[in-house]
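K.L.:
Supplied structure: input_32.cif, mmCIF, C-alpha atoms and all ligand atoms.
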```cif
data_protein
loop_
_atom_site.label_atom_id
_atom_site.label_comp_id
_atom_site.auth_asym_id
_atom_site.auth_seq_id
_atom_site.Cartn_x
_atom_site.Cartn_y
_atom_site.Cartn_z
CA MET A 1 -29.73 95.37 -51.66
CA ALA A 2 -29.06 93.41 -48.54
CA THR A 3 -25.76 94.06 -46.88
CA ARG A 4 -23.41 91.21 -47.23
CA ILE A 5 -22.90 89.31 -44.07
CA ARG A 6 -19.27 89.44 -43.16
CA PRO A 7 -18.04 85.90 -42.76
CA LEU A 8 -16.96 85.02 -39.24
CA GLN A 9 -13.34 85.52 -38.93
CA ARG A 10 -11.67 82.51 -37.47
CA ARG A 11 -8.70 83.27 -35.35
CA PRO A 12 -6.54 80.75 -33.71
CA HIS A 13 -7.36 80.58 -30.03
CA ALA A 14 -4.50 81.39 -27.77
CA ARG A 15 -3.64 78.65 -25.31
CA GLY A 16 -2.74 79.13 -21.64
CA PRO A 17 -4.56 80.24 -18.55
CA GLU A 18 -6.56 83.39 -18.21
CA PRO A 19 -4.33 84.69 -15.40
CA ARG A 20 -7.06 86.02 -13.13
CA THR A 21 -9.27 82.94 -13.38
CA PHE A 22 -6.32 80.73 -12.75
CA ALA A 23 -5.15 82.71 -9.72
CA ALA A 24 -8.66 82.67 -8.19
CA ALA A 25 -9.01 78.93 -8.73
CA ALA A 26 -5.58 78.23 -7.26
CA LEU A 27 -6.40 80.34 -4.19
CA ALA A 28 -9.73 78.55 -3.66
CA ALA A 29 -8.02 75.17 -3.94
CA LEU A 30 -5.37 76.22 -1.46
CA VAL A 31 -7.90 77.47 1.11
CA LEU A 32 -10.03 74.33 0.79
CA GLY A 33 -6.96 72.13 0.95
CA LEU A 34 -5.69 73.84 4.10
CA LEU A 35 -9.02 73.54 5.98
CA PRO A 36 -8.18 70.14 7.53
CA LEU A 37 -5.10 71.73 9.09
CA ALA A 38 -7.42 73.76 11.32
CA ALA A 39 -8.33 70.48 13.00
CA VAL A 40 -4.68 69.66 13.60
CA ALA A 41 -4.07 72.97 15.36
CA ALA A 42 -6.17 71.69 18.25
CA PRO A 43 -6.11 73.20 21.74
CA PRO A 44 -3.62 71.68 24.19
CA PHE A 45 -4.56 68.47 25.91
CA GLY A 46 -5.71 68.91 29.48
CA ALA A 47 -8.57 70.39 31.44
CA GLY A 48 -11.69 70.79 29.38
CA SER A 49 -10.27 68.81 26.49
CA GLN A 50 -12.83 67.85 23.90
CA ASP A 51 -10.88 66.54 20.98
CA ALA A 52 -11.44 63.46 18.84
CA LEU A 53 -7.85 63.67 17.56
CA ARG A 54 -6.33 63.12 21.01
CA THR A 55 -7.59 59.74 22.02
CA GLY A 56 -7.76 58.51 25.60
CA GLY A 57 -8.80 54.93 24.87
CA PRO A 58 -9.08 52.13 22.30
CA GLN A 59 -12.58 52.96 21.02
CA ALA A 60 -11.66 56.52 20.16
CA ALA A 61 -8.39 55.29 18.64
CA LEU A 62 -10.26 52.95 16.27
CA ILE A 63 -12.51 55.80 15.19
CA LEU A 64 -9.49 58.07 14.72
CA ASP A 65 -7.84 55.46 12.45
CA LEU A 66 -10.97 55.36 10.32
CA TRP A 67 -11.06 59.15 10.25
CA ARG A 68 -7.45 59.29 9.09
CA LEU A 69 -8.16 56.81 6.31
CA LEU A 70 -11.18 58.86 5.21
CA LEU A 71 -9.12 62.03 5.30
CA ALA A 72 -6.30 60.46 3.28
CA VAL A 73 -8.60 58.98 0.61
CA CYS A 74 -10.68 62.14 0.36
CA GLY A 75 -7.50 64.24 0.36
CA VAL A 76 -6.10 62.30 -2.59
CA VAL A 77 -9.44 62.60 -4.44
CA PHE A 78 -9.55 66.31 -3.69
CA ALA A 79 -6.01 66.83 -4.93
CA ALA A 80 -6.73 64.84 -8.09
CA VAL A 81 -9.90 66.83 -8.82
CA MET A 82 -8.08 70.11 -8.24
CA ALA A 83 -5.19 68.98 -10.46
CA ALA A 84 -7.61 68.01 -13.26
CA PHE A 85 -9.33 71.35 -12.82
CA GLY A 86 -5.99 73.16 -13.06
CA VAL A 87 -5.00 71.26 -16.19
CA ALA A 88 -8.37 72.04 -17.76
CA LEU A 89 -7.94 75.72 -16.98
CA TRP A 90 -4.39 75.71 -18.24
CA ARG A 91 -5.26 74.10 -21.52
CA ALA A 92 -8.49 76.01 -22.09
CA ARG A 93 -8.64 78.08 -25.20
CA ARG A 94 -8.52 81.74 -24.43
CA GLY A 95 -10.45 84.39 -26.32
CA THR A 96 -9.69 88.05 -26.74
CA ARG A 97 -12.17 90.89 -26.95
CA ASP A 98 -12.80 90.30 -30.63
CA THR A 99 -12.81 86.52 -30.69
CA PRO A 100 -16.20 85.64 -32.16
CA PRO A 101 -18.52 83.55 -30.00
CA GLU A 102 -18.28 79.86 -30.57
CA LEU A 103 -21.62 79.01 -32.12
CA GLN A 104 -21.00 75.36 -32.74
CA GLY A 105 -20.37 72.72 -30.20
CA PRO A 106 -17.40 70.46 -30.49
CA LEU A 107 -17.57 68.88 -33.88
CA ARG A 108 -16.27 65.50 -32.96
CA GLY A 109 -16.58 63.37 -29.88
CA GLU A 110 -13.75 63.35 -27.42
CA PRO A 111 -13.01 59.68 -26.88
CA ARG A 112 -9.97 60.43 -24.75
CA SER A 113 -11.97 62.51 -22.29
CA ALA A 114 -14.73 59.92 -22.20
CA ARG A 115 -12.21 57.22 -21.30
CA LEU A 116 -10.73 59.42 -18.59
CA VAL A 117 -14.14 60.15 -17.07
CA ALA A 118 -15.04 56.44 -17.09
CA ALA A 119 -11.75 55.54 -15.42
CA ALA A 120 -12.21 58.22 -12.76
CA THR A 121 -15.78 57.03 -12.08
CA GLY A 122 -14.54 53.48 -11.67
CA ALA A 123 -11.77 54.57 -9.33
CA SER A 124 -14.26 56.57 -7.21
CA ALA A 125 -16.58 53.57 -6.93
CA VAL A 126 -13.70 51.33 -5.85
CA GLY A 127 -12.55 53.95 -3.33
CA LEU A 128 -16.05 54.31 -1.87
CA CYS A 129 -16.41 50.53 -1.53
CA GLY A 130 -13.07 50.48 0.27
CA LEU A 131 -14.31 53.10 2.72
CA ILE A 132 -17.51 51.14 3.34
CA VAL A 133 -15.48 48.02 4.12
CA ALA A 134 -13.21 50.03 6.44
CA SER A 135 -16.15 51.50 8.35
CA VAL A 136 -17.84 48.08 8.75
CA LEU A 137 -14.57 46.64 10.04
CA THR A 138 -14.20 49.53 12.48
CA ASP A 139 -17.73 48.97 13.72
CA ARG A 140 -17.01 45.31 14.35
CA ALA A 141 -13.76 46.12 16.12
CA LEU A 142 -15.63 48.59 18.34
CA ALA A 143 -18.08 45.86 19.32
CA ARG A 144 -15.25 43.52 20.35
CA LEU A 145 -14.09 45.53 23.37
CA PRO A 146 -13.64 42.96 26.17
CA LEU A 147 -16.14 43.70 28.90
CA SER A 148 -15.10 41.34 31.66
CA ASN A 149 -14.96 43.17 34.97
CA ALA A 150 -16.72 46.16 33.39
CA LEU A 151 -17.93 49.04 35.50
CA HIS A 152 -21.64 49.59 34.90
CA VAL A 153 -23.03 53.11 34.88
CA GLU A 154 -26.58 54.12 34.07
CA LEU A 155 -26.60 57.52 32.50
CA THR A 156 -29.86 59.44 32.14
CA ALA A 157 -30.07 62.65 30.15
CA HIS A 158 -32.40 65.42 31.27
CA GLN A 159 -33.00 68.90 29.93
CA TRP A 160 -30.18 70.00 30.56
CA TRP A 161 -28.10 67.86 32.88
CA TRP A 162 -26.77 64.32 33.27
CA GLN A 163 -27.73 61.86 35.99
CA ALA A 164 -25.30 59.01 36.64
CA ARG A 165 -26.03 55.90 38.69
CA TYR A 166 -23.11 53.63 39.44
CA ASP A 167 -24.35 50.05 39.70
CA ASP A 168 -22.89 47.39 41.89
CA ALA A 169 -23.63 43.72 42.43
CA ASP A 170 -24.26 44.69 46.02
CA PRO A 171 -27.21 47.13 45.85
CA SER A 172 -26.08 48.94 49.00
CA ARG A 173 -22.99 50.01 47.10
CA THR A 174 -24.77 51.71 44.19
CA PHE A 175 -24.67 55.49 44.25
CA GLU A 176 -25.78 58.44 42.25
CA THR A 177 -24.17 61.63 41.08
CA ALA A 178 -24.66 64.23 38.35
CA ASN A 179 -22.83 66.04 35.58
CA GLU A 180 -19.46 64.51 36.39
CA LEU A 181 -18.43 60.99 35.46
CA HIS A 182 -15.41 59.45 37.15
CA LEU A 183 -13.94 56.40 35.40
CA PRO A 184 -11.12 54.10 36.45
CA ALA A 185 -8.30 54.12 33.88
CA GLY A 186 -7.86 50.88 31.99
CA ARG A 187 -11.13 49.28 33.10
CA PRO A 188 -13.94 48.82 30.57
CA VAL A 189 -17.13 50.74 31.21
CA LEU A 190 -20.58 49.72 30.08
CA LEU A 191 -22.90 52.71 29.91
CA THR A 192 -26.64 52.17 29.83
CA LEU A 193 -28.23 55.24 28.32
CA HIS A 194 -31.71 56.63 28.97
CA ALA A 195 -33.44 59.90 28.24
CA ASP A 196 -36.01 61.47 30.48
CA ASP A 197 -37.65 64.00 28.17
CA VAL A 198 -36.36 64.43 24.62
CA ILE A 199 -33.64 62.85 22.50
CA HIS A 200 -30.11 63.66 23.64
CA SER A 201 -26.79 62.25 22.51
CA PHE A 202 -23.81 61.12 24.56
CA TRP A 203 -20.49 62.21 23.12
CA VAL A 204 -17.07 62.31 24.73
CA PRO A 205 -14.88 62.70 21.63
CA ASN A 206 -11.63 61.70 23.34
CA LEU A 207 -13.12 58.39 24.46
CA SER A 208 -15.75 57.14 22.04
CA GLY A 209 -18.22 57.86 19.29
CA LYS A 210 -21.71 59.23 19.81
CA LYS A 211 -24.78 57.37 21.00
CA ASP A 212 -28.30 58.74 21.10
CA LEU A 213 -30.37 58.65 24.27
CA ILE A 214 -33.98 58.15 23.27
CA PRO A 215 -36.96 58.40 25.64
CA GLY A 216 -38.52 55.00 26.28
CA ARG A 217 -35.53 53.10 24.92
CA THR A 218 -32.36 51.77 26.43
CA ALA A 219 -29.09 51.96 24.57
CA THR A 220 -25.68 50.80 25.65
CA LEU A 221 -22.21 52.05 24.88
CA ALA A 222 -18.97 50.36 25.81
CA LEU A 223 -15.72 52.23 26.17
CA ARG A 224 -12.43 52.12 27.95
CA ALA A 225 -10.43 55.11 29.06
CA ASP A 226 -6.73 54.36 29.33
CA VAL A 227 -5.19 57.80 29.65
CA PRO A 228 -5.97 59.59 32.93
CA GLY A 229 -7.17 63.15 32.54
CA ARG A 230 -10.22 65.38 32.32
CA TYR A 231 -12.29 65.13 29.20
CA ARG A 232 -15.25 67.18 28.15
CA GLY A 233 -18.36 65.44 26.91
CA GLN A 234 -21.13 67.30 25.19
CA CYS A 235 -24.73 66.49 24.35
CA ALA A 236 -24.59 66.05 20.60
CA GLU A 237 -28.28 66.10 19.65
CA PHE A 238 -30.19 69.37 19.75
CA CYS A 239 -32.42 69.07 22.81
CA GLY A 240 -33.77 72.56 23.39
CA LEU A 241 -32.66 75.96 24.54
CA GLN A 242 -29.74 74.86 26.70
CA HIS A 243 -28.45 72.11 24.44
CA ALA A 244 -25.05 73.81 24.23
CA GLY A 245 -25.09 74.15 28.04
CA MET A 246 -25.28 70.41 28.56
CA ALA A 247 -21.73 69.27 29.02
CA LEU A 248 -20.48 66.26 30.94
CA GLU A 249 -17.15 66.33 32.71
CA VAL A 250 -15.35 62.98 32.55
CA VAL A 251 -12.54 62.40 35.01
CA VAL A 252 -10.37 59.40 34.22
CA GLU A 253 -8.14 58.49 37.14
CA PRO A 254 -5.95 55.63 38.31
CA ASP A 255 -7.75 52.78 40.05
CA ALA A 256 -6.91 53.84 43.60
CA ALA A 257 -8.05 57.43 43.07
CA TYR A 258 -11.24 56.21 41.45
CA ALA A 259 -11.93 53.78 44.28
CA ALA A 260 -11.45 56.55 46.84
CA TRP A 261 -13.80 58.84 44.92
CA ALA A 262 -16.45 56.09 44.62
CA GLU A 263 -16.17 55.30 48.33
CA ARG A 264 -16.76 58.96 49.15
CA GLN A 265 -19.80 59.07 46.83
CA ARG A 266 -21.33 56.06 48.59
CA ARG A 267 -21.34 57.84 51.92
CA PRO A 268 -24.31 60.06 52.79
CA ALA A 269 -23.68 63.75 53.34
CA GLU A 270 -22.11 64.52 56.69
CA PRO A 271 -24.31 66.61 58.98
CA PRO A 272 -22.97 70.17 59.13
CA THR A 273 -21.25 71.18 62.37
CA ASP A 274 -20.88 74.91 61.79
CA PRO A 275 -23.97 76.87 63.04
CA GLN A 276 -24.25 78.89 59.84
CA ALA A 277 -24.18 75.74 57.70
CA GLN A 278 -26.72 74.11 60.04
CA ARG A 279 -29.03 77.04 59.44
CA GLY A 280 -28.41 76.64 55.72
CA GLN A 281 -29.42 73.00 55.91
CA ARG A 282 -32.69 73.92 57.64
CA LEU A 283 -33.37 76.47 54.89
CA PHE A 284 -32.64 73.86 52.24
CA LEU A 285 -34.94 71.25 53.77
CA ALA A 286 -37.75 73.68 54.60
CA GLY A 287 -37.62 75.53 51.30
CA THR A 288 -38.38 74.48 47.76
CA CYS A 289 -34.91 73.02 47.15
CA ALA A 290 -35.88 69.68 48.67
CA MET A 291 -38.84 69.40 46.29
CA CYS A 292 -36.47 68.87 43.38
CA HIS A 293 -33.07 67.85 44.76
CA ALA A 294 -31.84 64.94 46.86
CA ILE A 295 -29.14 65.01 49.52
CA GLN A 296 -28.48 61.52 50.87
CA GLY A 297 -28.56 61.42 54.64
CA THR A 298 -31.28 64.10 54.84
CA ASP A 299 -35.00 64.14 54.15
CA ALA A 300 -34.37 65.66 50.73
CA ALA A 301 -34.99 62.78 48.33
CA ALA A 302 -36.53 64.30 45.22
CA ARG A 303 -35.24 63.12 41.87
CA ARG A 304 -36.20 65.94 39.52
CA ALA A 305 -32.83 67.61 39.60
CA PRO A 306 -29.13 66.81 40.16
CA ASP A 307 -28.28 64.89 43.34
CA LEU A 308 -26.40 67.34 45.54
CA THR A 309 -25.00 64.90 48.13
CA HIS A 310 -21.39 65.60 47.06
CA LEU A 311 -21.93 68.81 45.13
CA ALA A 312 -18.85 70.57 46.51
CA GLY A 313 -16.61 67.84 45.06
CA ARG A 314 -17.61 68.72 41.51
CA ALA A 315 -15.46 71.05 39.45
CA ARG A 316 -18.32 72.78 37.69
CA LEU A 317 -22.00 73.52 38.24
CA ALA A 318 -25.01 73.10 36.00
CA ALA A 319 -23.60 70.67 33.43
CA GLY A 320 -20.31 72.43 32.83
CA THR A 321 -21.64 75.96 32.48
CA VAL A 322 -20.39 77.54 35.73
CA PRO A 323 -17.17 76.95 37.71
CA ASN A 324 -18.00 75.65 41.19
CA GLY A 325 -17.36 78.20 43.93
CA ARG A 326 -19.01 80.20 46.66
CA ALA A 327 -19.87 83.28 44.64
CA GLN A 328 -21.07 81.25 41.66
CA LEU A 329 -23.26 79.05 43.86
CA ALA A 330 -24.93 82.13 45.37
CA ALA A 331 -25.42 83.68 41.95
CA TRP A 332 -26.77 80.40 40.55
CA ILE A 333 -29.35 79.99 43.32
CA ALA A 334 -30.52 83.60 42.99
CA ASP A 335 -30.85 83.54 39.22
CA PRO A 336 -30.00 80.31 37.37
CA ALA A 337 -31.45 81.70 34.16
CA ALA A 338 -28.70 84.31 34.09
CA PHE A 339 -26.31 81.42 33.41
CA LYS A 340 -28.65 79.11 31.56
CA PRO A 341 -31.66 80.90 30.06
CA GLY A 342 -34.57 78.45 29.96
CA THR A 343 -33.21 76.19 32.72
CA ASN A 344 -35.73 74.18 34.72
CA MET A 345 -34.50 75.51 38.05
CA PRO A 346 -36.38 78.61 39.21
CA GLY A 347 -34.62 81.59 40.77
CA HIS A 348 -34.83 82.09 44.54
CA ARG A 349 -34.97 85.34 46.48
CA TYR A 350 -33.26 85.00 49.83
CA ALA A 351 -32.13 87.63 52.30
CA PRO A 352 -28.33 87.95 51.93
CA GLU A 353 -27.63 86.22 55.24
CA ASP A 354 -29.93 83.33 54.32
CA LEU A 355 -28.26 82.93 50.96
CA ASP A 356 -24.87 82.93 52.70
CA ALA A 357 -26.05 80.23 55.09
CA LEU A 358 -27.43 78.12 52.25
CA VAL A 359 -24.19 78.38 50.30
CA ALA A 360 -22.17 77.61 53.45
CA TYR A 361 -24.21 74.42 53.80
CA LEU A 362 -23.77 73.42 50.14
CA GLU A 363 -20.02 73.98 50.52
CA THR A 364 -19.93 71.29 53.22
CA LEU A 365 -21.21 68.68 50.76
CA ARG A 366 -17.78 67.30 49.87
C1 LIG Z 401 -38.25 73.12 40.37
C2 LIG Z 401 -37.14 72.29 40.73
C3 LIG Z 401 -35.95 72.93 41.43
C4 LIG Z 401 -35.93 73.66 42.60
C5 LIG Z 401 -37.09 74.09 43.44
C6 LIG Z 401 -34.54 73.91 42.87
N1 LIG Z 401 -33.75 73.39 41.88
FE1 LIG Z 401 -31.72 73.42 41.81
N2 LIG Z 401 -31.78 72.57 40.00
C7 LIG Z 401 -32.90 72.14 39.34
C8 LIG Z 401 -32.55 71.68 38.02
C9 LIG Z 401 -33.50 71.15 36.97
C10 LIG Z 401 -31.16 71.82 37.93
C11 LIG Z 401 -30.28 71.50 36.71
C12 LIG Z 401 -30.24 72.78 35.92
C13 LIG Z 401 -29.40 72.73 34.68
O1 LIG Z 401 -28.23 72.40 34.78
O2 LIG Z 401 -29.93 73.06 33.61
C14 LIG Z 401 -30.70 72.36 39.18
C15 LIG Z 401 -29.35 72.61 39.48
C16 LIG Z 401 -28.92 73.02 40.72
C17 LIG Z 401 -27.53 73.10 41.12
C18 LIG Z 401 -26.34 72.68 40.26
C19 LIG Z 401 -26.15 71.18 40.43
C20 LIG Z 401 -25.01 70.58 39.67
O3 LIG Z 401 -24.85 69.37 39.74
O4 LIG Z 401 -24.28 71.27 39.00
C21 LIG Z 401 -27.51 73.54 42.40
C22 LIG Z 401 -26.28 73.77 43.24
C23 LIG Z 401 -28.87 73.74 42.81
N3 LIG Z 401 -29.69 73.41 41.76
C24 LIG Z 401 -29.25 74.18 44.05
C25 LIG Z 401 -30.57 74.46 44.42
C26 LIG Z 401 -30.95 75.07 45.67
C27 LIG Z 401 -29.99 75.48 46.76
C28 LIG Z 401 -32.30 75.20 45.64
C29 LIG Z 401 -33.20 75.85 46.68
C30 LIG Z 401 -32.88 77.21 46.97
C31 LIG Z 401 -32.76 74.64 44.37
N4 LIG Z 401 -31.68 74.21 43.66
C32 LIG Z 401 -34.08 74.58 43.98
C33 LIG Z 401 -34.19 72.17 39.82
C34 LIG Z 401 -34.57 72.79 40.98
CU CU Z 402 -28.61 68.32 23.58
#
```
For the structure just supplied, provide its representation as structure tokens.

P.N.:
Amino acid sequence: MATRIRPLQRRPHARGPEPRTFAAAALAALVLGLLPLAAVAAPPFGAGSQDALRTGGPQAALILDLWRLLLAVCGVVFAAVMAAFGVALWRARRGTRDTPPELQGPLRGEPRSARLVAAATGASAVGLCGLIVASVLTDRALARLPLSNALHVELTAHQWWWQARYDDADPSRTFETANELHLPAGRPVLLTLHADDVIHSFWVPNLSGKKDLIPGRTATLALRADVPGRYRGQCAEFCGLQHAGMALEVVVEPDAAYAAWAERQRRPAEPPTDPQAQRGQRLFLAGTCAMCHAIQGTDAAARRAPDLTHLAGRARLAAGTVPNGRAQLAAWIADPAAFKPGTNMPGHRYAPEDLDALVAYLETLR
């Protein structure tokens, strides 16, 4: 005789959260919800600042407004989803060890839930459309920056440094520099962007959005920097081994300071007067250095590497990777790859007194 199958015993399901599940979910929601605060705890404004939340001009401010709107809308959506999740957990039926498995699905449809899901879908679609409109409007506002009296700079990206040519209506007043961009506060700047080898991307978060530099193409980017200070730009498109070591220092200064800097850049390097520096100059011109670098006012006119005419005036060497100074210059010349593995500058073996002379010469290039 077959054993009688014991009928499933139906027990009322207890209501209320399974405490551990609920605690874990609440913790996850809290951590996710607090993540944006990490962005608010940004480093102090000042030297080396690279921070899209501390804007130094109108273009970055427009982008920050859009970012805030996105954060607010997404924050509300996130909170709503987490709240719905919490309610669902709270109201879920709870089983005990001997609650039989539920073998049947819900017996009837749940019209209330269906209506809720439809309403939430509709609200999401409306919210997304709103964000699209906001981003199109921001884009148009970015394009409306007045450009009368704009400073024109041609920026060329190389693996892994930046070449900047300051244009002027009078060709004798154009000049070139590298890795450090000086901009007059309050005056619009039109950047023409080129790439020499691979795709790079220009990004100075405090001042503007990103723009790719693509070999064989010319792109432009307009910005205005209103707040004087030092900002850090960073190549924002992976471009090889030293991508992270491709920073761009941007110095925004009042008009007079900028004009004085530009005037200095236009002048060729002054011939060294100190005998040691003179010997250093001879070493520079006779050695391999002059095959890659230019120093205006000397025979060195190669364009494969940063222009060194006013090297000593720059705060950092090698696209932001090394502070500029005597010891660092010597170490860089001897073994650049120790600072930037993969760099396109070869190391040079000099006798100590020759290296000293070379560095003494480079230090005169103010
Ligand atoms: C084969 C070409 C080549 C030769 C030869 C060469 N360099 Fe360079 N140099 C470069 C390149 C490329 C860079 C940029 C490296 C980087 O930042 O990744 C550079 C960077 C530098 C910098 C830093 C410039 C800046 O704006 O921060 C200095 C200083 C420098 N070189 C000095 C020298 C001296 C001095 C010599 C001769 C002893 C020399 N270089 C020889 C290619 C060369
Ligand atoms: Cu890069």

K.L.:
Could you jot down the atom CA of Ala334 of chain A to atom CA of Pro268 of chain A separation for me, Å, one decimal place?

P.N.:
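Atom-to-atom, atom CA of Ala334 of chain A and atom CA of Pro268 of chain A are spaced 26.2 Å apart.
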
K.L.:
Using only C-alpha atoms, which protein or nucleic acid residues come within 8 Å of Phe78 of chain A? Drop anything in the same chain fewer than 4 positions from it, and give the result as a list in words.

P.N.:
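After dropping sequence-adjacent residues, the list is Gly33, Cys74 and Met82 of chain A.
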
K.L.:
Next, write the just-selected residues to a file, as a CSV table (one decimal), in the frame of the given file, keeping C-alpha atoms as the atom set.

P.N.:
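Writing the result to result21.csv gives the following:
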```csv
chain,number,residue,atom,x,y,z
A,33,GLY,CA,-7.0,72.1,1.0
A,74,CYS,CA,-10.7,62.1,0.4
A,82,MET,CA,-8.1,70.1,-8.2
```

K.L.:
Would you please work out which residue, of A:Gln234, A:Thr177, A:Gln328, A:Thr156, is nearest to Leu213 of chain A when using all atoms listed in the file?

P.N.:
A:Thr156

K.L.:
With 5 Å added on each side, what axis-aligned box encloses every listed atom of ligand LIG 401 (chain Z)? Give the centre and edge lengths in Å to one decimal, as AutoDock Vina command-line options.

P.N.:
```
--center_x -31.3 --center_y 73.3 --center_z 40.3 --size_x 24.0 --size_y 17.8 --size_z 23.4
```

K.L.:
In Å, rounded to a single decimal, give me how far atom C6 of ligand LIG 401 (chain Z) is from atom CA of Val250 of chain A.

P.N.:
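Separation between atom CA of Val250 of chain A and atom C6 of ligand LIG 401 (chain Z): 24.4 Å.
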
K.L.:
Neighbours of segment 130-142 of chain A within 12 Å (only C-alpha atoms; same-chain residues fewer than 4 positions away dropped), as a PyMOL selection string?

P.N.:
chain A and resi 57-74+123-126+146-147+207-209+221-224

K.L.:
Select, from A:Ala351, A:Met291, A:Val189, A:Leu151, the residue with the minimum atom-to-atom distance to ligand LIG 401 (chain Z), counting only C-alpha atoms and all ligand atoms.

P.N.:
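Closest residue, counting only C-alpha atoms and all ligand atoms: A:Met291.
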
K.L.:
Within 7 Å of ligand LIG 401 (chain Z), which residues of chain A come that close, and what is the closest atom pair and distance in Å for each? Count all atoms listed in the file and give it as JSON lines.

P.N.:
```
{"residue": "A:Gln159", "atom": "CA", "partner": "Z:LIG401", "partner_atom": "O2", "distance": 6.3}
{"residue": "A:Trp160", "atom": "CA", "partner": "Z:LIG401", "partner_atom": "O2", "distance": 4.3}
{"residue": "A:Trp161", "atom": "CA", "partner": "Z:LIG401", "partner_atom": "O1", "distance": 4.9}
{"residue": "A:Ala178", "atom": "CA", "partner": "Z:LIG401", "partner_atom": "O3", "distance": 5.3}
{"residue": "A:Asn179", "atom": "CA", "partner": "Z:LIG401", "partner_atom": "O3", "distance": 5.7}
{"residue": "A:Phe284", "atom": "CA", "partner": "Z:LIG401", "partner_atom": "C29", "distance": 5.9}
{"residue": "A:Gly287", "atom": "CA", "partner": "Z:LIG401", "partner_atom": "C29", "distance": 6.4}
{"residue": "A:Thr288", "atom": "CA", "partner": "Z:LIG401", "partner_atom": "C5", "distance": 4.5}
{"residue": "A:Cys289", "atom": "CA", "partner": "Z:LIG401", "partner_atom": "C29", "distance": 3.3}
{"residue": "A:Ala290", "atom": "CA", "partner": "Z:LIG401", "partner_atom": "C5", "distance": 6.9}
{"residue": "A:Met291", "atom": "CA", "partner": "Z:LIG401", "partner_atom": "C5", "distance": 5.8}
{"residue": "A:Cys292", "atom": "CA", "partner": "Z:LIG401", "partner_atom": "C2", "distance": 4.4}
{"residue": "A:His293", "atom": "CA", "partner": "Z:LIG401", "partner_atom": "N1", "distance": 6.3}
{"residue": "A:Arg304", "atom": "CA", "partner": "Z:LIG401", "partner_atom": "C9", "distance": 6.4}
{"residue": "A:Ala305", "atom": "CA", "partner": "Z:LIG401", "partner_atom": "C8", "distance": 4.4}
{"residue": "A:Pro306", "atom": "CA", "partner": "Z:LIG401", "partner_atom": "O3", "distance": 5.0}
{"residue": "A:Asp307", "atom": "CA", "partner": "Z:LIG401", "partner_atom": "O3", "distance": 6.7}
{"residue": "A:Leu308", "atom": "CA", "partner": "Z:LIG401", "partner_atom": "O3", "distance": 6.3}
{"residue": "A:Leu311", "atom": "CA", "partner": "Z:LIG401", "partner_atom": "O3", "distance": 6.2}
{"residue": "A:Arg316", "atom": "CA", "partner": "Z:LIG401", "partner_atom": "O4", "distance": 6.3}
{"residue": "A:Leu317", "atom": "CA", "partner": "Z:LIG401", "partner_atom": "O4", "distance": 3.3}
{"residue": "A:Ala318", "atom": "CA", "partner": "Z:LIG401", "partner_atom": "O1", "distance": 3.5}
{"residue": "A:Ala319", "atom": "CA", "partner": "Z:LIG401", "partner_atom": "O1", "distance": 5.1}
{"residue": "A:Leu329", "atom": "CA", "partner": "Z:LIG401", "partner_atom": "C22", "distance": 6.1}
{"residue": "A:Ile333", "atom": "CA", "partner": "Z:LIG401", "partner_atom": "C26", "distance": 5.7}
{"residue": "A:Lys340", "atom": "CA", "partner": "Z:LIG401", "partner_atom": "O2", "distance": 6.5}
{"residue": "A:Thr343", "atom": "CA", "partner": "Z:LIG401", "partner_atom": "O2", "distance": 4.6}
{"residue": "A:Asn344", "atom": "CA", "partner": "Z:LIG401", "partner_atom": "C9", "distance": 4.4}
{"residue": "A:Met345", "atom": "CA", "partner": "Z:LIG401", "partner_atom": "C33", "distance": 3.8}
{"residue": "A:Pro346", "atom": "CA", "partner": "Z:LIG401", "partner_atom": "C1", "distance": 5.9}
{"residue": "A:His348", "atom": "CA", "partner": "Z:LIG401", "partner_atom": "C30", "distance": 5.8}
{"residue": "A:Leu358", "atom": "CA", "partner": "Z:LIG401", "partner_atom": "C27", "distance": 6.6}
```

K.L.:
Selected residues, C-alpha atoms, written as a compact mmCIF listing (two decimals), in the coordinates of the input, please.

P.N.:
```txt
# COMPACT_ATOMS: atom_id res chain seq x y z
CA GLN A 159 -33.00 68.90 29.93
CA TRP A 160 -30.18 70.00 30.56
CA TRP A 161 -28.10 67.86 32.88
CA ALA A 178 -24.66 64.23 38.35
CA ASN A 179 -22.83 66.04 35.58
CA PHE A 284 -32.64 73.86 52.24
CA GLY A 287 -37.62 75.53 51.30
CA THR A 288 -38.38 74.48 47.76
CA CYS A 289 -34.91 73.02 47.15
CA ALA A 290 -35.88 69.68 48.67
CA MET A 291 -38.84 69.40 46.29
CA CYS A 292 -36.47 68.87 43.38
CA HIS A 293 -33.07 67.85 44.76
CA ARG A 304 -36.20 65.94 39.52
CA ALA A 305 -32.83 67.61 39.60
CA PRO A 306 -29.13 66.81 40.16
CA ASP A 307 -28.28 64.89 43.34
CA LEU A 308 -26.40 67.34 45.54
CA LEU A 311 -21.93 68.81 45.13
CA ARG A 316 -18.32 72.78 37.69
CA LEU A 317 -22.00 73.52 38.24
CA ALA A 318 -25.01 73.10 36.00
CA ALA A 319 -23.60 70.67 33.43
CA LEU A 329 -23.26 79.05 43.86
CA ILE A 333 -29.35 79.99 43.32
CA LYS A 340 -28.65 79.11 31.56
CA THR A 343 -33.21 76.19 32.72
CA ASN A 344 -35.73 74.18 34.72
CA MET A 345 -34.50 75.51 38.05
CA PRO A 346 -36.38 78.61 39.21
CA HIS A 348 -34.83 82.09 44.54
CA LEU A 358 -27.43 78.12 52.25
```
